[in-house]
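Coordinates from entry38.txt are shown below (compact mmCIF, C-alpha atoms).
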# COMPACT_ATOMS: atom_id res chain seq x y z
CA MET A 24 -1.43 -10.05 7.12
CA ASN A 25 0.16 -8.55 10.20
CA THR A 26 -2.65 -8.61 12.74
CA SER A 27 -1.06 -6.15 15.18
CA PRO A 28 -0.11 -2.65 14.00
CA THR A 29 3.37 -1.59 15.09
CA ASN A 30 3.45 0.21 18.43
CA HIS A 31 -0.32 -0.04 18.72
CA ASP A 32 -1.61 -0.68 22.25
CA THR A 33 -5.25 -0.11 23.15
CA ARG A 34 -4.87 -1.33 26.72
CA GLN A 35 -4.62 2.09 28.28
CA SER A 36 -6.94 3.19 31.07
CA PRO A 37 -8.90 6.44 30.88
CA THR A 38 -7.32 9.30 32.76
CA ALA A 39 -8.94 9.50 36.16
CA ALA A 40 -10.32 12.78 37.41
CA PRO A 41 -8.65 14.14 40.60
CA GLY A 42 -9.78 12.28 43.67
CA THR A 43 -11.21 9.27 41.78
CA ALA A 44 -9.88 5.75 41.55
CA PRO A 45 -8.74 4.34 38.20
CA ALA A 46 -11.69 2.96 36.27
CA ALA A 47 -10.32 -0.57 35.94
CA PRO A 48 -7.00 -2.40 35.72
CA PRO A 49 -5.61 -3.13 32.26
CA MET A 50 -5.89 -6.60 30.80
CA SER A 51 -3.15 -8.92 31.91
CA MET A 52 -0.42 -9.12 29.30
CA ASN A 53 -0.16 -12.84 30.11
CA ALA A 54 -3.72 -13.52 28.95
CA PRO A 55 -3.84 -15.79 25.89
CA ALA A 56 -4.36 -13.93 22.66
CA ARG A 57 -7.63 -14.47 20.81
CA PRO A 58 -8.09 -14.43 17.05
CA THR A 59 -9.05 -11.05 15.63
CA ALA A 60 -12.51 -10.86 14.05
CA ILE A 61 -12.22 -7.25 12.87
CA GLN A 62 -9.17 -5.01 12.75
CA ALA A 63 -9.18 -1.27 12.12
CA ILE A 64 -5.87 0.40 11.31
CA GLY A 65 -5.32 4.17 11.18
CA LEU A 66 -8.91 5.15 10.37
CA ARG A 67 -9.48 8.78 9.47
CA LYS A 68 -12.75 10.40 8.44
CA THR A 69 -13.54 14.07 7.85
CA TYR A 70 -16.79 15.80 6.94
CA GLY A 71 -17.14 19.41 5.83
CA GLU A 72 -14.55 22.08 5.14
CA GLY A 73 -13.03 25.09 6.87
CA ASP A 74 -14.74 26.10 10.10
CA ALA A 75 -17.41 23.46 9.48
CA THR A 76 -14.89 20.60 9.44
CA VAL A 77 -15.80 17.63 11.63
CA ARG A 78 -13.35 14.77 12.13
CA PRO A 79 -15.23 11.84 13.76
CA LEU A 80 -12.23 9.50 13.41
CA ASP A 81 -8.63 10.65 13.80
CA ASN A 82 -6.05 7.91 13.13
CA LEU A 83 -7.94 5.32 15.16
CA SER A 84 -6.76 1.70 15.37
CA LEU A 85 -8.63 -1.09 17.14
CA ASP A 86 -8.81 -4.89 17.24
CA ILE A 87 -12.13 -6.67 17.90
CA GLU A 88 -11.40 -10.08 19.38
CA SER A 89 -13.27 -13.15 18.21
CA GLY A 90 -15.70 -14.83 20.59
CA ARG A 91 -16.00 -11.82 22.89
CA PHE A 92 -18.54 -9.08 23.59
CA THR A 93 -17.07 -5.61 22.99
CA ALA A 94 -18.92 -2.40 23.83
CA ILE A 95 -17.97 0.98 22.34
CA MET A 96 -18.77 4.11 24.34
CA GLY A 97 -17.90 7.78 24.34
CA PRO A 98 -19.37 11.26 24.63
CA SER A 99 -21.64 12.60 21.90
CA GLY A 100 -19.53 13.29 18.82
CA SER A 101 -16.71 10.97 19.90
CA GLY A 102 -16.96 8.92 16.69
CA LYS A 103 -18.47 5.71 18.04
CA SER A 104 -21.26 5.42 15.46
CA THR A 105 -18.91 6.31 12.61
CA LEU A 106 -16.49 3.65 13.83
CA LEU A 107 -19.22 1.02 14.04
CA ASN A 108 -20.37 1.81 10.51
CA MET A 109 -16.83 1.38 9.22
CA LEU A 110 -16.28 -1.88 11.10
CA ALA A 111 -19.47 -3.16 9.46
CA GLY A 112 -18.57 -1.96 5.96
CA LEU A 113 -21.42 0.57 5.88
CA ASP A 114 -19.07 3.55 5.54
CA THR A 115 -15.56 4.02 4.15
CA PRO A 116 -12.65 5.89 5.75
CA ASP A 117 -10.75 8.68 4.04
CA SER A 118 -7.62 6.70 4.91
CA GLY A 119 -6.81 3.57 6.87
CA GLU A 120 -8.14 0.06 6.52
CA VAL A 121 -10.68 -2.33 8.04
CA PHE A 122 -10.10 -6.07 7.86
CA ILE A 123 -12.88 -8.64 8.35
CA GLY A 124 -10.71 -11.59 9.25
CA GLU A 125 -8.05 -11.47 6.53
CA THR A 126 -10.18 -9.48 4.06
CA PRO A 127 -9.40 -5.76 3.53
CA LEU A 128 -12.67 -3.96 2.86
CA SER A 129 -11.13 -1.15 0.80
CA LYS A 130 -10.06 -3.66 -1.85
CA LEU A 131 -13.61 -4.91 -2.49
CA ASN A 132 -15.96 -3.75 -5.22
CA ASP A 133 -19.59 -3.00 -4.38
CA ARG A 134 -20.77 -6.52 -5.17
CA ARG A 135 -18.21 -8.22 -2.95
CA LEU A 136 -18.71 -5.69 -0.15
CA THR A 137 -22.45 -6.37 -0.23
CA ALA A 138 -21.72 -10.09 0.00
CA ILE A 139 -19.45 -9.52 3.03
CA ARG A 140 -22.16 -7.55 4.82
CA ARG A 141 -24.76 -10.17 3.97
CA ASP A 142 -22.78 -13.31 4.76
CA ARG A 143 -20.27 -12.37 7.46
CA ILE A 144 -21.90 -9.57 9.47
CA GLY A 145 -25.18 -9.69 11.38
CA PHE A 146 -26.89 -6.38 12.13
CA VAL A 147 -29.05 -5.42 15.11
CA PHE A 148 -30.39 -1.86 14.98
CA GLN A 149 -32.26 0.31 17.43
CA SER A 150 -35.25 0.43 15.05
CA PHE A 151 -35.55 -3.41 14.62
CA ASN A 152 -35.85 -3.15 10.79
CA LEU A 153 -38.34 -6.00 10.42
CA VAL A 154 -40.49 -6.47 7.32
CA PRO A 155 -44.09 -5.67 8.41
CA ALA A 156 -45.75 -8.08 5.97
CA MET A 157 -43.68 -11.05 7.14
CA ASN A 158 -44.18 -13.08 10.29
CA ALA A 159 -41.39 -13.65 12.79
CA GLU A 160 -40.15 -16.87 11.19
CA GLU A 161 -40.07 -15.30 7.73
CA ASN A 162 -38.16 -12.29 9.06
CA ILE A 163 -35.62 -14.53 10.77
CA LEU A 164 -35.04 -16.57 7.60
CA LEU A 165 -35.05 -13.58 5.23
CA PRO A 166 -31.23 -13.47 4.77
CA SER A 167 -31.26 -17.11 3.68
CA GLN A 168 -34.07 -16.41 1.23
CA LEU A 169 -32.16 -13.49 -0.26
CA THR A 170 -29.08 -15.61 -0.88
CA GLY A 171 -30.96 -18.70 -1.99
CA ALA A 172 -29.15 -20.74 0.66
CA LYS A 173 -30.95 -23.54 2.45
CA PRO A 174 -31.39 -22.50 6.09
CA ASP A 175 -29.82 -24.60 8.83
CA ARG A 176 -33.02 -25.74 10.57
CA GLN A 177 -31.12 -27.14 13.54
CA MET A 178 -29.44 -23.79 14.14
CA PHE A 179 -32.73 -22.01 13.54
CA ARG A 180 -34.44 -24.13 16.20
CA ARG A 181 -31.56 -23.67 18.64
CA ILE A 182 -31.70 -19.88 18.29
CA VAL A 183 -35.50 -19.78 18.48
CA ASP A 184 -35.35 -21.80 21.69
CA LEU A 185 -32.55 -19.63 23.11
CA LEU A 186 -34.57 -16.49 22.44
CA GLY A 187 -37.90 -17.92 23.58
CA LEU A 188 -39.63 -17.24 20.27
CA GLY A 189 -41.20 -20.65 19.68
CA GLU A 190 -44.76 -19.46 20.27
CA ARG A 191 -44.31 -16.21 18.33
CA LEU A 192 -43.04 -17.44 14.98
CA LYS A 193 -46.34 -16.90 13.14
CA HIS A 194 -46.90 -13.41 14.56
CA ARG A 195 -46.19 -10.33 12.46
CA PRO A 196 -44.17 -7.44 13.91
CA HIS A 197 -47.23 -5.36 14.88
CA GLU A 198 -48.42 -8.31 16.98
CA LEU A 199 -45.17 -8.38 18.99
CA SER A 200 -43.90 -6.19 21.80
CA GLY A 201 -40.79 -4.09 21.26
CA GLY A 202 -38.68 -6.60 23.15
CA GLN A 203 -40.05 -9.46 21.08
CA GLN A 204 -39.38 -7.58 17.85
CA GLN A 205 -35.79 -7.01 18.90
CA ARG A 206 -35.46 -10.70 19.75
CA VAL A 207 -36.60 -11.49 16.21
CA ALA A 208 -33.99 -9.06 14.88
CA VAL A 209 -31.29 -10.74 16.99
CA ALA A 210 -32.40 -14.17 15.76
CA ARG A 211 -32.22 -12.95 12.16
CA ALA A 212 -28.67 -11.74 12.78
CA LEU A 213 -27.59 -14.99 14.45
CA VAL A 214 -29.17 -17.63 12.23
CA ALA A 215 -26.74 -17.17 9.35
CA ARG A 216 -23.77 -17.71 11.71
CA PRO A 217 -21.99 -14.48 10.77
CA ASP A 218 -18.43 -13.72 11.83
CA VAL A 219 -19.60 -10.72 13.85
CA ILE A 220 -22.84 -9.28 15.24
CA VAL A 221 -22.87 -5.48 15.03
CA ALA A 222 -25.40 -3.88 17.40
CA ASP A 223 -26.12 -0.14 17.26
CA GLU A 224 -27.90 1.00 20.46
CA PRO A 225 -29.94 -2.24 20.47
CA THR A 226 -31.82 -1.30 23.65
CA GLY A 227 -32.47 2.33 22.70
CA ASN A 228 -36.18 1.86 21.91
CA LEU A 229 -36.91 -0.62 24.71
CA ASP A 230 -38.05 -0.27 28.30
CA SER A 231 -35.59 -1.36 30.98
CA ASN A 232 -36.96 -4.90 31.34
CA ALA A 233 -36.99 -5.59 27.59
CA GLY A 234 -33.56 -3.99 27.27
CA GLU A 235 -32.11 -6.27 29.93
CA GLU A 236 -33.65 -9.25 28.15
CA VAL A 237 -32.03 -8.34 24.82
CA LEU A 238 -28.66 -7.73 26.48
CA GLY A 239 -28.93 -11.12 28.14
CA ILE A 240 -29.54 -12.69 24.74
CA LEU A 241 -26.50 -10.97 23.22
CA ARG A 242 -24.46 -12.15 26.21
CA ALA A 243 -25.77 -15.70 25.77
CA SER A 244 -24.92 -15.65 22.06
CA VAL A 245 -21.29 -15.10 23.04
CA ASP A 246 -21.24 -17.56 25.95
CA GLU A 247 -23.33 -20.35 24.40
CA LEU A 248 -22.85 -19.93 20.65
CA GLY A 249 -19.31 -18.51 20.57
CA GLN A 250 -20.51 -15.42 18.70
CA THR A 251 -18.53 -12.19 18.39
CA VAL A 252 -20.57 -9.09 19.33
CA VAL A 253 -19.57 -5.44 19.03
CA MET A 254 -22.10 -2.94 20.36
CA VAL A 255 -22.35 0.84 20.52
CA THR A 256 -24.24 2.09 23.56
CA HIS A 257 -24.54 5.17 25.76
CA ASP A 258 -25.78 3.15 28.75
CA PRO A 259 -23.18 2.06 31.36
CA ARG A 260 -25.44 -0.79 32.49
CA ALA A 261 -25.62 -2.12 28.94
CA ALA A 262 -21.88 -1.76 28.44
CA ALA A 263 -21.25 -3.62 31.70
CA ARG A 264 -22.64 -6.80 30.09
CA ALA A 265 -19.65 -6.81 27.73
CA ASP A 266 -16.26 -8.44 28.26
CA ARG A 267 -14.52 -5.26 27.21
CA VAL A 268 -15.50 -1.60 26.98
CA VAL A 269 -13.64 0.62 24.51
CA LEU A 270 -13.87 4.37 25.17
CA LEU A 271 -13.54 7.00 22.44
CA ALA A 272 -13.03 10.75 22.61
CA ASP A 273 -12.56 13.15 19.71
CA GLY A 274 -12.25 10.31 17.22
CA ARG A 275 -9.46 8.57 19.11
CA LEU A 276 -9.12 5.76 21.62
CA ALA A 277 -9.36 7.13 25.14
CA GLY A 278 -8.87 3.82 26.99
CA GLU A 279 -10.63 0.58 27.74
CA LEU A 280 -12.00 -1.50 30.59
CA THR A 281 -12.00 -5.24 31.10
CA GLU A 282 -14.34 -7.00 33.51
CA PRO A 283 -16.52 -3.85 33.60
CA ASN A 284 -19.33 -3.10 36.00
CA PRO A 285 -21.87 -0.24 35.80
CA ASP A 286 -19.99 1.94 38.30
CA SER A 287 -16.57 1.54 36.66
CA VAL A 288 -18.07 2.22 33.22
CA ALA A 289 -19.96 5.32 34.42
CA THR A 290 -16.81 6.67 36.12
CA ALA A 291 -14.63 6.04 33.09
CA LEU A 292 -17.16 7.68 30.76
CA MET A 293 -17.44 10.69 33.08
CA ASN A 294 -13.64 11.05 33.19
CA VAL A 295 -13.37 10.89 29.39
CA THR A 296 -16.20 13.41 28.98
CA ASN A 297 -14.71 15.81 31.53
CA ALA A 298 -11.26 15.54 29.99
CA GLY A 299 -12.71 16.50 26.62
CA GLY A 300 -14.57 19.45 28.08
CA ALA A 301 -11.40 20.71 29.75
CA ARG A 302 -9.48 21.01 26.49
Take the structure in this file and express it as structure tokens.
Amino acid sequence: MNTSPTNHDTRQSPTAAPGTAPAAPPMSMNAPARPTAIQAIGLRKTYGEGDATVRPLDNLSLDIESGRFTAIMGPSGSGKSTLLNMLAGLDTPDSGEVFIGETPLSKLNDRRLTAIRRDRIGFVFQSFNLVPAMNAEENILLPSQLTGAKPDRQMFRRIVDLLGLGERLKHRPHELSGGQQQRVAVARALVARPDVIVADEPTGNLDSNAGEEVLGILRASVDELGQTVVMVTHDPRAAARADRVVLLADGRLAGELTEPNPDSVATALMNVTNAGGAR
């Protein structure tokens, strides 16, 4: 498989508004290439017809690098949630292709696609999605139970220790704070050692302290466990924890930042939003 679409370059910077500095320098072209965990090529998606037509993705191509933390941002309606769903195999494009490693998702039947989502992608949602009748340990090990695989107890213990859940394993979700519930959800996503963690607004239902805690855990999963994380967020402070911020507008790539900080992310997002409003 050719892992780089012809003439495809996502390393553009967002157009700066008059009087503002560029959001961030592009990535050095001399930086060593990393393996690609997920590749999207020419994704298009359209809903509705006529005057009601909405096109959340418009010929969008993107590589998600392995072992890095990528954040996806953009104004409301820019296509970021649709893109995340397609990268995770939860939605299908009208045209284009998504590869998980070397595997093209469009070529899979429902059974194999379900297996890909179960075995190679870990999900962290805004709403936690824990099973109320199960305690924390049972929720974390649920994917292993569903597949009949024997859980890796060493990895389980390492993740539990990393997330500080050792004293909470026998508690059910209603006995945990929101931050603790999200830590359980992150542990559940990590314990099966998926290729990619997909996080959709993972701090959206948390207060600022709990949100920072969860972001720190996602960051640590990359730095300490070598995990690949791709996250949709509207929060510049959350996005600044990533290695790379990809900006969308009108279903297309609008630029990206490397080595982001909250100010550079906020400025870039403002520039993209203003540019869209000016059209």
What does the distance from CA of Gly171 in chain A to CA of Ala111 in chain A come to in Å, to one decimal?
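CA of Ala111 in chain A lies at a distance of 22.5 Å from CA of Gly171 in chain A.
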What is the CA of Phe146 in chain A to CA of Val221 in chain A distance in Å?
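One can read the CA of Phe146 in chain A to CA of Val221 in chain A distance as 5.0 Å.
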Neighbours of range 89-91 of chain A within 9 Å (only C-alpha atoms; same-chain residues fewer than 3 positions away dropped), as a list in words?
Arg57, Pro58, Thr59, Ala60, Ile61, Asp218, Val219, Val245, Asp246, Leu248, Gly249, Gln250, Thr251, Val252, Val253, Ala265, Asp266 and Arg267 of chain A
Residues at most 12 Å from Gln204 in chain A, counting all atoms listed in the file, excluding those fewer than 2 positions away in the same chain, as a PyMOL selection string?
chain A and resi 147-155+158-160+162-163+186-188+191-192+194-202+206-211+225-226+228-229+233-234+236-237
Just to confirm, what's the straight-line distance from CA of Arg141 in chain A to CA of Leu165 in chain A in Å (one decimal)?
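Here the two named atoms are 10.9 Å from each other.
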Near range 80-85 of chain A, counting all atoms listed in the file, which residues have an atom at most 9 Å away, once you skip same-chain residues fewer than 6 positions from it, shown as an NGL selection string?
:A and (28 or 31-33 or 61-69 or 101-103 or 105-106 or 116 or 118-119 or 273-276)
Name the closest residue to Ala261 in chain A among the candidates A:Ile139, A:Met96, A:Ala291, A:Leu131; distances are taken between atoms, counting all atoms listed in the file.
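Closest candidate: A:Met96.
With only C-alpha atoms as the atoms that count, the residue of A:Val288, A:Ile95, A:Ala243, A:Val255 with the shortest distance to Leu185 in chain A is A:Ala243.
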